[in-house]
$ cat target-v7.cif   # mmCIF, C-alpha atoms and all ligand atoms
data_model
#
loop_
_atom_site.group_PDB
_atom_site.id
_atom_site.type_symbol
_atom_site.label_atom_id
_atom_site.label_comp_id
_atom_site.auth_asym_id
_atom_site.auth_seq_id
_atom_site.Cartn_x
_atom_site.Cartn_y
_atom_site.Cartn_z
ATOM 1 C CA MET W 412 -6.425 -68.259 4.929
ATOM 2 C CA ASN W 413 -2.833 -67.197 4.576
ATOM 3 C CA VAL W 414 -3.236 -66.823 0.845
ATOM 4 C CA LEU W 415 -6.227 -64.615 1.413
ATOM 5 C CA LYS W 416 -4.212 -62.425 3.765
ATOM 6 C CA VAL W 417 -1.380 -62.048 1.282
ATOM 7 C CA LEU W 418 -3.854 -61.205 -1.444
ATOM 8 C CA LEU W 419 -5.524 -58.609 0.716
ATOM 9 C CA VAL W 420 -2.203 -56.964 1.548
ATOM 10 C CA GLN W 421 -1.266 -56.888 -2.113
ATOM 11 C CA LEU W 422 -4.590 -55.372 -2.982
ATOM 12 C CA LEU W 423 -4.132 -52.710 -0.330
ATOM 13 C CA ARG W 424 -0.668 -51.873 -1.612
ATOM 14 C CA LEU W 425 -2.009 -51.542 -5.108
ATOM 15 C CA LEU W 426 -4.712 -49.188 -3.924
ATOM 16 C CA VAL W 427 -2.240 -47.023 -1.998
ATOM 17 C CA TRP W 428 0.056 -46.922 -5.003
ATOM 18 C CA LEU W 429 -2.763 -45.895 -7.300
ATOM 19 C CA TRP W 430 -3.891 -43.201 -4.900
ATOM 20 C CA CYS W 431 -0.359 -41.817 -4.530
ATOM 21 C CA ARG W 432 0.099 -41.764 -8.270
ATOM 22 C CA LYS W 433 -3.087 -39.811 -8.762
ATOM 23 C CA ARG W 434 -2.064 -37.337 -6.088
ATOM 24 C CA THR W 435 1.413 -36.706 -7.457
ATOM 25 C CA LYS W 436 -0.035 -36.328 -10.912
ATOM 26 C CA GLN W 437 -2.496 -33.777 -9.602
ATOM 27 C CA GLN W 438 0.217 -31.945 -7.674
ATOM 28 C CA SER W 439 2.637 -31.878 -10.558
ATOM 29 C CA GLY W 440 -0.265 -30.596 -12.665
ATOM 30 C CA THR W 441 -0.725 -27.786 -10.164
ATOM 31 C CA MET W 442 3.014 -27.095 -10.169
ATOM 32 C CA ASN W 443 2.907 -26.732 -13.951
ATOM 33 C CA LEU W 444 -0.030 -24.402 -13.625
ATOM 34 C CA ILE W 445 1.852 -22.317 -11.073
ATOM 35 C CA SER W 446 4.785 -21.887 -13.390
ATOM 36 C CA VAL W 447 2.460 -20.877 -16.245
ATOM 37 C CA ALA W 448 0.829 -18.364 -13.913
ATOM 38 C CA HIS W 449 4.248 -16.915 -13.003
ATOM 39 C CA ASP W 450 5.091 -16.706 -16.709
ATOM 40 C CA ALA W 451 1.834 -14.923 -17.486
ATOM 41 C CA PHE W 452 2.548 -12.449 -14.686
ATOM 42 C CA ASN W 453 6.103 -11.846 -15.829
ATOM 43 C CA SER W 454 4.965 -11.210 -19.385
ATOM 44 C CA ARG W 455 2.404 -8.759 -17.974
ATOM 45 C CA ASP W 456 -0.648 -10.683 -19.077
ATOM 46 C CA TYR W 457 -2.304 -9.881 -15.763
ATOM 47 C CA GLY W 458 -5.801 -10.935 -16.804
ATOM 48 C CA LEU W 459 -4.595 -14.422 -17.638
ATOM 49 C CA ALA W 460 -2.347 -14.507 -14.576
ATOM 50 C CA THR W 461 -5.352 -13.667 -12.382
ATOM 51 C CA GLU W 462 -7.333 -16.606 -13.758
ATOM 52 C CA LEU W 463 -4.399 -19.000 -13.432
ATOM 53 C CA TYR W 464 -3.530 -17.990 -9.894
ATOM 54 C CA LYS W 465 -7.150 -18.285 -8.898
ATOM 55 C CA LYS W 466 -7.215 -21.851 -10.191
ATOM 56 C CA CYS W 467 -3.945 -22.702 -8.436
ATOM 57 C CA VAL W 468 -5.191 -21.278 -5.149
ATOM 58 C CA SER W 469 -8.354 -23.351 -5.268
ATOM 59 C CA GLU W 470 -6.484 -26.534 -6.262
ATOM 60 C CA LEU W 471 -4.003 -26.203 -3.424
ATOM 61 C CA ASP W 472 -6.708 -25.396 -0.920
ATOM 62 C CA GLY W 473 -6.923 -28.839 0.638
ATOM 63 C CA VAL W 474 -3.188 -29.598 0.613
ATOM 64 C CA ALA W 475 -1.986 -29.279 4.175
ATOM 65 C CA ASP W 476 1.767 -29.067 3.590
ATOM 66 C CA ALA W 477 1.527 -26.323 0.980
ATOM 67 C CA ALA W 478 0.999 -23.310 3.238
ATOM 68 C CA ALA W 479 4.042 -21.396 1.968
ATOM 69 C CA THR W 480 3.171 -22.036 -1.670
ATOM 70 C CA ARG W 481 -0.401 -21.062 -0.968
ATOM 71 C CA LEU W 482 0.687 -17.732 0.510
ATOM 72 C CA ASP W 483 2.906 -17.130 -2.492
ATOM 73 C CA LEU W 484 -0.037 -17.878 -4.773
ATOM 74 C CA GLN W 485 -2.354 -15.583 -2.836
ATOM 75 C CA PHE W 486 0.154 -12.781 -3.316
ATOM 76 C CA GLY W 487 0.404 -13.640 -7.011
ATOM 77 C CA TYR W 488 -3.368 -13.617 -7.299
ATOM 78 C CA ALA W 489 -3.687 -10.259 -5.540
ATOM 79 C CA ASP W 490 -0.765 -8.693 -7.427
ATOM 80 C CA SER W 491 -2.225 -9.783 -10.765
ATOM 81 C CA MET W 492 -5.589 -8.267 -9.936
ATOM 82 C CA ALA W 493 -3.948 -5.071 -8.711
ATOM 83 C CA ASN W 494 -2.036 -4.834 -11.954
ATOM 84 C CA SER W 495 -5.091 -5.394 -14.086
ATOM 85 C CA GLY W 496 -6.894 -2.576 -12.324
ATOM 86 C CA ARG W 497 -9.094 -4.706 -10.055
ATOM 87 C CA LEU W 498 -7.858 -2.902 -6.972
ATOM 88 C CA ARG W 499 -10.866 -3.600 -4.838
ATOM 89 C CA ASP W 500 -10.680 -7.359 -5.406
ATOM 90 C CA ALA W 501 -6.934 -7.273 -4.902
ATOM 91 C CA VAL W 502 -7.280 -5.453 -1.607
ATOM 92 C CA ALA W 503 -9.806 -8.032 -0.415
ATOM 93 C CA VAL W 504 -7.193 -10.746 -0.975
ATOM 94 C CA TYR W 505 -4.395 -8.659 0.572
ATOM 95 C CA ALA W 506 -6.682 -8.108 3.546
ATOM 96 C CA ARG W 507 -7.143 -11.875 3.928
ATOM 97 C CA ILE W 508 -3.383 -12.401 3.830
ATOM 98 C CA TYR W 509 -2.931 -9.547 6.281
ATOM 99 C CA LYS W 510 -5.481 -11.002 8.709
ATOM 100 C CA ARG W 511 -3.450 -14.180 8.894
ATOM 101 C CA GLY W 512 -0.576 -12.088 10.188
ATOM 102 C CA CYS W 513 1.663 -12.557 7.166
ATOM 103 C CA VAL W 514 2.758 -8.928 7.044
ATOM 104 C CA PRO W 515 6.147 -7.799 8.273
ATOM 105 C CA ASP W 516 5.892 -5.642 11.381
ATOM 106 C CA ARG W 517 7.367 -2.565 9.820
ATOM 107 C CA LEU W 518 4.692 -2.534 7.150
ATOM 108 C CA ARG W 519 1.793 -2.959 9.509
ATOM 109 C CA HIS W 520 0.911 0.749 9.637
ATOM 110 C CA LEU W 521 1.115 1.056 5.895
ATOM 111 C CA ALA W 522 -0.931 -2.047 5.270
ATOM 112 C CA THR W 523 -3.616 -0.925 7.703
ATOM 113 C CA ALA W 524 -3.812 2.505 6.112
ATOM 114 C CA LEU W 525 -3.895 1.206 2.568
ATOM 115 C CA ILE W 526 -6.510 -1.394 3.244
ATOM 116 C CA GLY W 527 -8.592 1.078 5.198
ATOM 117 C CA ALA W 528 -8.318 3.776 2.560
ATOM 118 C CA LEU W 529 -9.146 1.517 -0.345
ATOM 119 C CA HIS W 530 -11.904 -0.389 1.375
ATOM 120 C CA ALA W 531 -13.651 2.802 2.305
ATOM 121 C CA ASP W 532 -12.731 4.506 -0.955
ATOM 122 C CA GLY W 533 -11.705 7.121 1.519
ATOM 123 C CA PRO W 534 -9.776 10.341 1.264
ATOM 124 C CA PRO W 535 -5.992 10.423 1.108
ATOM 125 C CA PRO W 536 -4.121 10.176 4.371
ATOM 126 C CA ALA W 537 -4.843 12.915 6.856
ATOM 127 C CA PRO W 538 -2.040 14.132 9.143
ATOM 128 C CA PHE W 539 -3.169 11.790 11.902
ATOM 129 C CA ASP W 540 -3.366 8.753 9.609
ATOM 130 C CA PRO W 541 -0.775 6.079 10.156
ATOM 131 C CA LEU W 542 0.499 6.382 6.613
ATOM 132 C CA ALA W 543 0.996 10.143 6.442
ATOM 133 C CA CYS W 544 4.375 11.641 7.145
ATOM 134 C CA VAL W 545 4.307 12.209 10.903
ATOM 135 C CA ALA W 546 6.180 15.490 10.481
ATOM 136 C CA CYS W 547 4.404 17.353 7.668
ATOM 137 C CA GLY W 548 1.178 15.362 7.345
ATOM 138 C CA SER W 549 1.465 14.883 3.610
ATOM 139 C CA VAL W 550 1.700 11.614 1.698
ATOM 140 C CA PRO W 551 5.261 10.642 2.502
ATOM 141 C CA ARG W 552 7.689 11.625 -0.229
ATOM 142 C CA GLN W 553 10.749 9.406 -0.431
ATOM 143 C CA PRO W 554 9.558 7.767 2.772
ATOM 144 C CA VAL W 555 12.007 6.790 5.458
ATOM 145 C CA SER W 556 10.741 4.443 8.145
ATOM 146 C CA TRP W 557 11.694 4.753 11.772
ATOM 147 C CA ASN W 558 12.053 1.931 14.258
ATOM 148 C CA CYS W 559 8.660 2.713 15.752
ATOM 149 C CA GLY W 560 7.091 1.876 12.390
ATOM 150 C CA HIS W 561 5.980 5.361 11.422
ATOM 151 C CA CYS W 562 7.360 6.998 8.354
ATOM 152 C CA VAL W 563 8.345 10.477 7.257
ATOM 153 C CA CYS W 564 9.501 12.176 4.097
ATOM 154 C CA LEU W 565 13.244 12.020 3.622
ATOM 155 C CA LYS W 566 13.360 15.839 3.800
ATOM 156 C CA CYS W 567 11.340 15.914 7.021
ATOM 157 C CA ASP W 568 13.626 13.269 8.507
ATOM 158 C CA GLN W 569 16.613 15.482 7.803
ATOM 159 C CA LYS W 570 14.806 18.511 9.190
ATOM 160 C CA HIS W 571 14.014 16.704 12.450
ATOM 161 C CA SER W 572 17.247 14.755 12.699
ATOM 162 C CA ARG W 573 18.003 16.063 16.186
ATOM 163 C CA ASP W 574 14.830 14.728 17.818
ATOM 164 C CA ALA W 575 15.230 11.240 19.204
ATOM 165 C CA HIS W 576 11.541 10.406 19.474
ATOM 166 C CA CYS W 577 8.668 10.033 17.080
ATOM 167 C CA PRO W 578 6.263 12.967 17.477
ATOM 168 C CA ARG W 579 3.295 10.656 16.890
ATOM 169 C CA CYS W 580 3.881 7.770 19.291
ATOM 170 C CA GLY W 581 6.751 9.049 21.416
ATOM 171 C CA LYS W 582 8.815 5.932 20.866
ATOM 172 C CA SER W 583 12.450 6.049 19.926
ATOM 173 C CA LYS W 584 13.073 6.626 16.248
ATOM 174 C CA GLY W 585 16.126 4.409 16.410
ATOM 175 C CA ARG W 586 19.396 5.088 14.778
ATOM 176 C CA SER W 587 19.067 2.953 11.720
ATOM 177 C CA ARG W 588 20.504 4.273 8.504
ATOM 178 C CA ARG W 589 18.143 6.691 6.847
ATOM 179 C CA GLU W 590 17.392 5.237 3.508
ATOM 180 C CA VAL W 591 14.272 5.520 1.425
ATOM 181 C CA ASN W 592 12.014 2.553 2.070
ATOM 182 C CA VAL W 593 11.714 1.234 -1.453
ATOM 183 C CA LEU W 594 8.588 -0.796 -0.843
ATOM 184 C CA ILE W 595 6.628 2.012 0.800
ATOM 185 C CA ASN W 596 7.869 4.414 -1.849
ATOM 186 C CA THR W 597 6.611 2.128 -4.607
ATOM 187 C CA LEU W 598 3.256 1.691 -2.932
ATOM 188 C CA VAL W 599 2.802 5.420 -2.411
ATOM 189 C CA GLN W 600 3.685 6.052 -6.049
ATOM 190 C CA LYS W 601 1.247 3.399 -7.110
ATOM 191 C CA PHE W 602 -1.675 4.424 -4.933
ATOM 192 C CA TRP W 603 -1.266 8.190 -4.663
ATOM 193 C CA PRO W 604 0.509 9.424 -7.787
ATOM 194 C CA LYS W 605 -1.661 12.533 -7.979
ATOM 195 C CA HIS W 606 -1.035 13.401 -4.354
ATOM 196 C CA LEU W 607 2.676 13.196 -4.926
ATOM 197 C CA GLU W 608 2.378 15.568 -7.844
ATOM 198 C CA ALA W 609 0.107 17.886 -5.865
ATOM 199 C CA ALA W 610 2.597 17.864 -2.991
ATOM 200 C CA ALA W 611 5.423 18.827 -5.344
ATOM 201 C CA LEU W 612 3.364 21.787 -6.602
ATOM 202 C CA ARG W 613 2.635 22.760 -3.015
ATOM 203 C CA ASP W 614 6.371 22.708 -2.275
ATOM 204 C CA GLU W 615 7.006 24.946 -5.264
ATOM 205 C CA GLY W 616 4.298 27.284 -4.009
ATOM 206 C CA ASN W 617 5.893 27.387 -0.555
ATOM 207 C CA SER W 618 9.284 28.246 -2.006
ATOM 208 C CA LEU W 619 7.766 30.995 -4.153
ATOM 209 C CA PHE W 620 5.937 32.327 -1.122
ATOM 210 C CA LYS W 621 9.161 32.468 0.866
ATOM 211 C CA GLY W 622 10.784 34.310 -2.008
ATOM 212 C CA GLY W 623 7.967 36.864 -1.958
ATOM 213 C CA CYS W 624 6.350 35.806 -5.260
ATOM 214 C CA LEU W 625 2.828 35.659 -3.899
ATOM 215 C CA LYS W 626 0.899 35.549 -7.163
ATOM 216 C CA GLU W 627 3.090 32.811 -8.574
ATOM 217 C CA ALA W 628 2.732 30.877 -5.330
ATOM 218 C CA LEU W 629 -1.047 31.194 -5.585
ATOM 219 C CA GLU W 630 -0.937 29.744 -9.075
ATOM 220 C CA LYS W 631 1.013 26.728 -7.835
ATOM 221 C CA TYR W 632 -1.470 26.140 -5.026
ATOM 222 C CA ASN W 633 -4.326 26.426 -7.498
ATOM 223 C CA ALA W 634 -2.652 23.908 -9.797
ATOM 224 C CA SER W 635 -2.164 21.613 -6.824
ATOM 225 C CA ASP W 636 -5.810 22.047 -5.843
ATOM 226 C CA LYS W 637 -6.850 21.203 -9.385
ATOM 227 C CA LEU W 638 -5.045 17.872 -9.136
ATOM 228 C CA VAL W 639 -6.337 16.975 -5.695
ATOM 229 C CA LYS W 640 -9.431 18.956 -4.874
ATOM 230 C CA ASP W 641 -9.828 20.491 -1.410
ATOM 231 C CA TYR W 642 -6.772 18.902 0.130
ATOM 232 C CA PRO W 643 -6.418 20.662 3.496
ATOM 233 C CA LEU W 644 -2.641 21.099 3.366
ATOM 234 C CA THR W 645 -2.967 22.922 0.055
ATOM 235 C CA LEU W 646 -5.954 24.975 1.156
ATOM 236 C CA ALA W 647 -4.207 26.021 4.365
ATOM 237 C CA ASN W 648 -1.248 27.244 2.329
ATOM 238 C CA ARG W 649 -3.483 28.955 -0.185
ATOM 239 C CA SER W 650 -5.478 30.611 2.560
ATOM 240 C CA HIS W 651 -2.235 32.013 3.929
ATOM 241 C CA VAL W 652 -1.139 33.431 0.576
ATOM 242 C CA LEU W 653 -4.609 34.835 -0.158
ATOM 243 C CA LEU W 654 -4.551 36.605 3.177
ATOM 244 C CA SER W 655 -1.165 38.068 2.324
ATOM 245 C CA LEU W 656 -2.675 39.251 -0.955
ATOM 246 C CA ASN W 657 -5.377 41.040 1.031
ATOM 247 C CA ARG W 658 -8.098 38.732 -0.167
ATOM 248 C CA ALA W 659 -9.459 37.910 3.248
ATOM 249 C CA GLN W 660 -12.862 36.765 2.068
ATOM 250 C CA VAL W 661 -11.506 34.007 -0.196
ATOM 251 C CA ALA W 662 -8.843 33.160 2.376
ATOM 252 C CA LEU W 663 -11.538 32.612 4.953
ATOM 253 C CA ALA W 664 -13.438 30.291 2.630
ATOM 254 C CA ASP W 665 -10.349 28.082 2.262
ATOM 255 C CA ALA W 666 -9.716 28.101 5.984
ATOM 256 C CA GLU W 667 -13.299 27.083 6.668
ATOM 257 C CA THR W 668 -13.055 24.202 4.223
ATOM 258 C CA VAL W 669 -9.924 22.996 6.011
ATOM 259 C CA ILE W 670 -11.673 23.026 9.363
ATOM 260 C CA LYS W 671 -14.637 21.183 7.918
ATOM 261 C CA ILE W 672 -12.500 18.384 6.442
ATOM 262 C CA TRP W 673 -9.925 18.007 9.208
ATOM 263 C CA PRO W 674 -11.620 19.295 12.366
ATOM 264 C CA HIS W 675 -8.946 17.738 14.606
ATOM 265 C CA TRP W 676 -5.947 19.184 12.833
ATOM 266 C CA PRO W 677 -4.077 21.244 15.444
ATOM 267 C CA LYS W 678 -3.052 23.821 12.847
HETATM 268 C C1 LIG F 701 -6.763 30.641 -7.438
HETATM 269 O O1 LIG F 701 -7.844 30.235 -6.596
HETATM 270 C C2 LIG F 701 -8.419 31.287 -5.844
HETATM 271 C C3 LIG F 701 -9.383 30.698 -4.839
HETATM 272 O O2 LIG F 701 -10.303 29.829 -5.432
HETATM 273 C C4 LIG F 701 -9.103 32.241 -6.824
HETATM 274 O O3 LIG F 701 -9.726 33.286 -6.108
HETATM 275 C C5 LIG F 701 -8.018 32.796 -7.747
HETATM 276 O O4 LIG F 701 -8.595 33.635 -8.712
HETATM 277 C C6 LIG F 701 -7.231 31.681 -8.427
HETATM 278 N N1 LIG F 701 -6.077 32.321 -9.071
HETATM 279 C C7 LIG F 701 -5.587 31.935 -10.234
HETATM 280 C C8 LIG F 701 -4.414 32.654 -10.741
HETATM 281 O O5 LIG F 701 -6.088 31.003 -10.859
HETATM 282 C C1 LIG F 702 2.400 25.485 3.987
HETATM 283 O O1 LIG F 702 2.156 24.392 4.851
HETATM 284 C C2 LIG F 702 3.313 23.823 5.438
HETATM 285 C C3 LIG F 702 2.905 22.600 6.212
HETATM 286 O O2 LIG F 702 1.695 22.719 6.863
HETATM 287 C C4 LIG F 702 4.003 24.863 6.298
HETATM 288 O O3 LIG F 702 5.174 24.313 6.864
HETATM 289 C C5 LIG F 702 4.338 26.049 5.442
HETATM 290 O O4 LIG F 702 4.900 27.085 6.238
HETATM 291 C C6 LIG F 702 3.085 26.592 4.758
HETATM 292 N N1 LIG F 702 3.433 27.685 3.878
HETATM 293 C C7 LIG F 702 2.638 28.713 3.717
HETATM 294 C C8 LIG F 702 3.055 29.726 2.744
HETATM 295 O O5 LIG F 702 1.586 28.811 4.328
#
$ encode --input "target-v7.cif" --output "structure tokens" --more "lines below"
Ligand SMILES: *[C@@H]1O[C@H](CO)[C@@H](O)[C@H](O)[C@H]1NC(C)=O
Ligand SMILES: *[C@@H]1O[C@H](CO)[C@@H](O)[C@H](O)[C@H]1NC(C)=O
Amino acid sequence: MNVLKVLLVQLLRLLVWLWCRKRTKQQSGTMNLISVAHDAFNSRDYGLATELYKKCVSELDGVADAAATRLDLQFGYADSMANSGRLRDAVAVYARIYKRGCVPDRLRHLATALIGALHADGPPPAPFDPLACVACGSVPRQPVSWNCGHCVCLKCDQKHSRDAHCPRCGKSKGRSRREVNVLINTLVQKFWPKHLEAAALRDEGNSLFKGGCLKEALEKYNASDKLVKDYPLTLANRSHVLLSLNRAQVALADAETVIKIWPHWPK
């Protein structure tokens, strides 16, 4: 009887050992795969990286103590897809990560806006969108984020430096150092490059207008409108300059388009 017991225990130990060995082998296999995926990403082979990350994610799915690695892999998977032009798929994965609450608080507005905009294939941020600069309503240029979480263009921040509260939510802006938020800046450049360019042309137009060069200003607004068609901020400016050029009929057409697109815009 005793012999049987000892044998049984030995057999059990053998089984446990075999099972552990298989598991570590599988895990170290996954670890290798992860490092290959990272390598593929770093050497910009995003198509391959996407496939590898996908495999890693599915292999680690059942492993309970791998939550941090899994999150890292999900990001890798999404980033690879984003880089290989599969934005929609990437956003779906980002959205899953986001739903689990793995997004820093300060980026919550941005994440919501980006996911919303891309999911809906929607228009660029309107002045009342969480992502837009809360001062000028444009895509934020050299964005600075306030303590309340909203962001503004660096220039707008300087212009409104005396106000203590955010015009959107009324909360305190805080007194943190005003530095360009590199992450938001990168994302804006990545997702709205044309809008940034259009905004720069609009700025040039505004300066020309101030200097009295109406025709030249009009050309800038037209160039801006060519890049991003019917963007209300541009049309509002163009309407103004057209009116100053005594072209009321065309000015009215622009103004009406603005009202149609952004009916709630106070301007
Ligand atoms: C600019 O656009 C306005 C409105 O569409 C048009 O009437 C005007 O001729 C354009 N001007 C130039 C210089 O392209
Ligand atoms: C253009 O629009 C901006 C922002 O809405 C405004 O501050 C600026 O005065 C406008 N310029 C002209 C010429 O309408």
$ resolve_selection --input "target-v7.cif" --expression "the PyMOL selection byres (((chain W and resi 575) around 12) and not hetatm)" --output "PyMOL selection string"
chain W and resi 557-559+568+571-574+576-578+580-587
$ residues_near_ligand --input "target-v7.cif" --ligand "ligand LIG 701 (chain F)" --cutoff "8 Å" --atoms "all atoms listed in the file" --output "list of chain:residue names"
W:Lys626, W:Glu627, W:Leu629, W:Glu630, W:Tyr632, W:Asn633, W:Ala634, W:Arg649, W:Leu653, W:Val661, W:Ala662, W:Asp665
$ residues_near_ligand --input "target-v7.cif" --ligand "ligand LIG 702 (chain F)" --cutoff "8 Å" --atoms "only C-alpha atoms and all ligand atoms" --output "VMD selection string"
chain W and resid 547 to 548 613 to 614 616 to 618 620 to 621 644 to 645 647 to 652 678
$ residues_around --input "target-v7.cif" --residues "Val591 in chain W" --least-positions-apart "6" --cutoff "8 Å" --atoms "only C-alpha atoms" --output "list of chain:residue names"
W:Gln553, W:Pro554, W:Val555, W:Ser556, W:Leu565
$ resolve_selection --input "target-v7.cif" --expression "the PyMOL selection byres (((chain W and resi 607) around 12) and not hetatm)" --output "VMD selection string"
chain W and resid 535 to 536 543 549 to 554 564 596 to 606 608 to 614 635 638 to 639
$ residues_around --input "target-v7.cif" --residues "range 453-464 of chain W" --least-positions-apart "6" --cutoff "10 Å" --atoms "all atoms listed in the file" --output "list in words"
Leu444, Ile445, Ser446, Val447, Glu470, Arg481, Asp483, Leu484, Gln485, Phe486, Gly487, Tyr488, Ala489, Asp490, Ser491, Met492, Ala493, Asn494, Ser495, Gly496, Arg497 and Ala501 of chain W
$ atom_distance --input "target-v7.cif" --atom1 "CA of Lys510 in chain W" --atom2 "CA of Asp450 in chain W"
28.1 Å
$ atom_distance --input "target-v7.cif" --atom1 "CA of Arg507 in chain W" --atom2 "CA of Leu482 in chain W"
10.4 Å
$ atom_distance --input "target-v7.cif" --atom1 "CA of Cys624 in chain W" --atom2 "CA of Ser655 in chain W"
10.9 Å
$ closest_residue --input "target-v7.cif" --among "W:Ala664, W:Leu471, W:Ile595, W:Leu656" --to "Ala628 in chain W" --atoms "only C-alpha atoms"
W:Leu656
